[in-house]
Amino acid sequence: MKILAAKFVLPISSGPIENGAVAVDGSRIAAVGPADSVKASYPDASTEDFGEAAILPGFVNCHSHLELTALRGALDGVEHDFRAWLLKINDLRAGLTDEDIIRWAAAGAREGAAAGVTCFGDIGRFGHAGVTALKEVGLRGIVFQETEFSPDNSTADEDFQKLGEKFEKLKEEETDLVKVGLSPHSPYTVGSRLFELIAQYSIINRIPLTIHAAESEDEMRLMTRGEGFFAGFYESMGLEWASPHCTPIEYLERLGVLSARPLLAHCVHASDSDIARVAANGAKIAHCPKSNAKFGHGWAPFEKFLDAGISVGLGSDSVASNNVCDLLEESRFALLAARNRADRKRPPGQKRDCDGACINFLTAKQALETATLGGAKALGLDHLIGTLEPGKQADIAVVSLNNPAQQPVNAIEAALGFPGAAS
């Protein structure tokens with residue numbers, strides 16, 4: 001038995017506790033409360049007091065690509081052209097050895113751990129790298145085996161068989177902490193037939209899915225009008241791909257993919273009707289505001305996702321498109337961007353609070369909830385992590401409050417959510 005104490009404890013499931021403590025028994029939380037009370041309940045336990053710090057649930061990075069850590073900064077300068085970025089990253093990835101990918105994936109996992117991330121939702125073409133990295137660093141997560149480029153329905157059955165073989169081999173590496181799932185990359189790189197096969201397989205076998213969706217203008221042009229770079233690219237390669245002439249999220253619903261309740265990454269261009277579809281199907285969203293901004297894709301309607309009751313977590317995306325894995329920084333960016341969105345205010349006549357303020361004006365508390373419990377819900381792990389409660393896993397982060405920009409601490413959520421902090 002061990003007791004962790006600090007100036008503040010943020011259980012997330014309840015309000016902050018000043019001069020609080022968490023008792024840990026093995027891998028589980030035994031008690032949470034005022035330090036004096038917890039210490040009195042376990043008089044023989046050793047205590048580690050972090051002093052001017054906050055203890056809270058470990059952060060959940062629910063959308064990452066650890067295998068791309070080696071490419072940090074390598075594509076800076078082409079982010080303005082998403083097409084060029086995609087082509088260049090495929091070329092650069094092809095030049096990496098398996099050993100390079102595994103070594104740098106572990107470095108990315110260590111970076112996350114140093115920033116208080118205890119759980120990853122990681123996507124990889126070479127899924128073994130993500131699994132190996134999380135095991136090496138001792139983190140929790142779901143590693144999603146990603147599909148190869150496969151938009152042509154004529155090869156769907158063969159592509160599905162190859163994907164299944166990779167997935168089953170990866171599944172042999174599962175542990176209590178590290179599980180595996182599947183990631184059909186996106187509506188513009190995976191054909192409809194393969195999507196249907198993967199969704200059916202997921203539903204029958206209860207396999208978690210994650211998909212990049214409604215991320216860029218190029219994707220929207222292809223899906224809604226059959227125009228743009230991707231349409232020309234597919235035509236030049238002689239691939240059979242017909243535009244569904246609808247949004248990516250409506251397309252996924254038509255195919256039955258949303259019935260598998262996938263985790264949808266980005267959703268920058270999600271319309272109100274798209275958001276309603278996501279909510280109605282119980283799908284989840286990984287919000288990646290810094291990556292979206294770096295590409296210039298736009299501001300995803302974060303507050304609308306929350307208003308709709310969707311489980312939303314935060315993702316750093318790869319460090320090739322964000323440059324850092326820091327969920328506190330991500331939560332701050334998400335909060336400020338949501339407050340500054342041009343259409344953040346509800347239309348006239350819709351419900352406002354008693355002071356006339358916008359109900360969806362997000363708070364630092366909501367941003368912290370998204371970085372912890374929200375990510376846990378998005379990955380389907382909230383029965384294990386995401387809050388500090390007796391019986392849950394002791395996935396815990398400790399954040400220093402010694403930064404002068406945080407002092408004095410008049411409101412702990414604001415001290416964590418606005419200036420950023422060191423974990």
# chains A, B, ... in the order shown; residues from 1 in each chain; ligands from 1
>>> closest_atom_pairs(of="region 181-220 of chain A", to="region 164-167 of chain A", cutoff="12 Å", atoms="only C-alpha atoms", output="JSON lines")
{"residue": "A:Gly181", "atom": "CA", "partner": "A:Phe167", "partner_atom": "CA", "distance": 7.7}
{"residue": "A:Leu182", "atom": "CA", "partner": "A:Phe167", "partner_atom": "CA", "distance": 7.4}
{"residue": "A:Ser183", "atom": "CA", "partner": "A:Phe167", "partner_atom": "CA", "distance": 10.3}
{"residue": "A:Pro184", "atom": "CA", "partner": "A:Gly164", "partner_atom": "CA", "distance": 11.8}
{"residue": "A:Leu194", "atom": "CA", "partner": "A:Gly164", "partner_atom": "CA", "distance": 11.5}
{"residue": "A:Leu197", "atom": "CA", "partner": "A:Gly164", "partner_atom": "CA", "distance": 10.5}
{"residue": "A:Ile198", "atom": "CA", "partner": "A:Gly164", "partner_atom": "CA", "distance": 9.0}
{"residue": "A:Tyr201", "atom": "CA", "partner": "A:Gly164", "partner_atom": "CA", "distance": 9.4}
{"residue": "A:Ser202", "atom": "CA", "partner": "A:Gly164", "partner_atom": "CA", "distance": 11.0}
{"residue": "A:Ile207", "atom": "CA", "partner": "A:Phe167", "partner_atom": "CA", "distance": 10.4}
{"residue": "A:Pro208", "atom": "CA", "partner": "A:Phe167", "partner_atom": "CA", "distance": 11.9}
>>> residues_around(residues="Thr189 (chain A)", least_positions_apart="3", cutoff="6 Å", atoms="only C-alpha atoms", output="MDAnalysis selection string")
chainID A and resid 149:151 186
>>> select_by_dssp(residues="region 95-298 of chain A", states="strand (DSSP E or B)", output="PyMOL selection string")
chain A and resi 117-124+140-146+150+178-183+190+209-213+263-266+284-287
>>> residues_around(residues="region 214-221 of chain A", least_positions_apart="2", cutoff="9 Å", atoms="only C-alpha atoms", output="JSON, numbers by chain")
{"A": [82, 83, 186, 187, 188, 212, 223, 224, 225, 226, 227, 228, 229, 230, 231, 246, 247, 248, 249, 264, 265, 266, 267, 268, 269, 270, 292, 295, 296, 297, 298, 300]}
>>> write_last_selection(atoms="C-alpha atoms", output="tab-separated table (two decimals), in the first residue's frame")
chain	number	residue	atom	x	y	z
A	82	PHE	CA	-2.15	18.14	-47.52
A	83	ARG	CA	-1.75	16.20	-50.76
A	186	SER	CA	-10.30	6.84	-44.08
A	187	PRO	CA	-13.29	7.05	-46.44
A	188	TYR	CA	-10.99	8.22	-49.26
A	212	HIS	CA	-9.87	9.34	-39.94
A	223	MET	CA	-16.68	12.59	-51.11
A	224	THR	CA	-19.35	15.20	-51.80
A	225	ARG	CA	-18.59	16.13	-55.44
A	226	GLY	CA	-16.16	13.54	-56.81
A	227	GLU	CA	-13.64	16.30	-57.57
A	228	GLY	CA	-10.16	17.38	-56.61
A	229	PHE	CA	-6.75	15.84	-56.09
A	230	PHE	CA	-7.89	12.42	-54.90
A	231	ALA	CA	-10.34	11.98	-57.79
A	246	CYS	CA	-22.41	12.81	-49.47
A	247	THR	CA	-20.33	13.71	-46.44
A	248	PRO	CA	-17.78	11.19	-45.16
A	249	ILE	CA	-19.79	10.61	-41.99
A	264	LEU	CA	-13.67	9.01	-35.57
A	265	ALA	CA	-10.55	11.15	-35.69
A	266	HIS	CA	-10.64	14.87	-36.59
A	267	CYS	CA	-14.24	15.51	-37.84
A	268	VAL	CA	-13.19	19.08	-38.69
A	269	HIS	CA	-15.86	19.39	-41.36
A	270	ALA	CA	-18.67	17.63	-39.50
A	292	ASN	CA	-5.88	20.36	-37.54
A	295	PHE	CA	-2.50	21.77	-41.58
A	296	GLY	CA	-4.92	24.68	-41.78
A	297	HIS	CA	-7.83	22.26	-42.00
A	298	GLY	CA	-10.04	24.40	-39.78
A	300	ALA	CA	-13.62	21.19	-35.49
>>> closest_residue(among="A:Glu148, A:Glu99, A:Glu52, A:Asp25", to="Ile3 (chain A)", atoms="only C-alpha atoms")
A:Asp25
>>> residues_around(residues="region 309-321 of chain A", least_positions_apart="6", cutoff="6 Å", atoms="only C-alpha atoms", output="ChimeraX atom specification")
/A:61-65,69,71-73,279,284-288,291,370-371,374-375,377-378
>>> closest_residue(among="A:Arg254, A:Lys2, A:Arg341, A:Arg193", to="Asn153 (chain A)", atoms="only C-alpha atoms")
A:Arg193
>>> residues_around(residues="region 15-21 of chain A", least_positions_apart="4", cutoff="7 Å", atoms="only C-alpha atoms", output="list in words")
Ile3, Leu4, Ala5, Ala6, Lys7, Phe8, Val9, Leu10, Pro11, Val32, Gly33, Pro34, Ala35 and Val38 of chain A
>>> write_last_selection(atoms="C-alpha atoms", output="PDB file, in the first residue's frame")
ATOM      1  CA  ILE A   3      -0.222   6.949  -0.478  1.00  0.00           C
ATOM      2  CA  LEU A   4       0.319   9.765  -2.986  1.00  0.00           C
ATOM      3  CA  ALA A   5      -0.366  13.238  -1.586  1.00  0.00           C
ATOM      4  CA  ALA A   6      -0.312  16.744  -3.054  1.00  0.00           C
ATOM      5  CA  LYS A   7      -1.664  20.248  -2.661  1.00  0.00           C
ATOM      6  CA  PHE A   8      -4.566  19.268  -4.942  1.00  0.00           C
ATOM      7  CA  VAL A   9      -6.211  16.045  -6.040  1.00  0.00           C
ATOM      8  CA  LEU A  10      -8.589  16.173  -9.018  1.00  0.00           C
ATOM      9  CA  PRO A  11     -10.670  12.978  -9.153  1.00  0.00           C
ATOM     10  CA  VAL A  32      -9.300   9.118  -2.550  1.00  0.00           C
ATOM     11  CA  GLY A  33      -9.894  12.022  -0.184  1.00  0.00           C
ATOM     12  CA  PRO A  34      -8.350  14.567   2.183  1.00  0.00           C
ATOM     13  CA  ALA A  35      -4.790  13.561   3.019  1.00  0.00           C
ATOM     14  CA  VAL A  38      -6.586   8.764   3.820  1.00  0.00           C
TER      15      VAL A  38
END
>>> closest_residue(among="A:Ala40, A:Thr363, A:Val24, A:Ala293", to="Glu79 (chain A)", atoms="only C-alpha atoms")
A:Ala293
>>> residues_around(residues="Leu368 (chain A)", least_positions_apart="4", cutoff="8 Å", atoms="only C-alpha atoms", output="list in words")
Leu328, Ser331, Ala364, Thr372, Glu413 and Gly417 of chain A
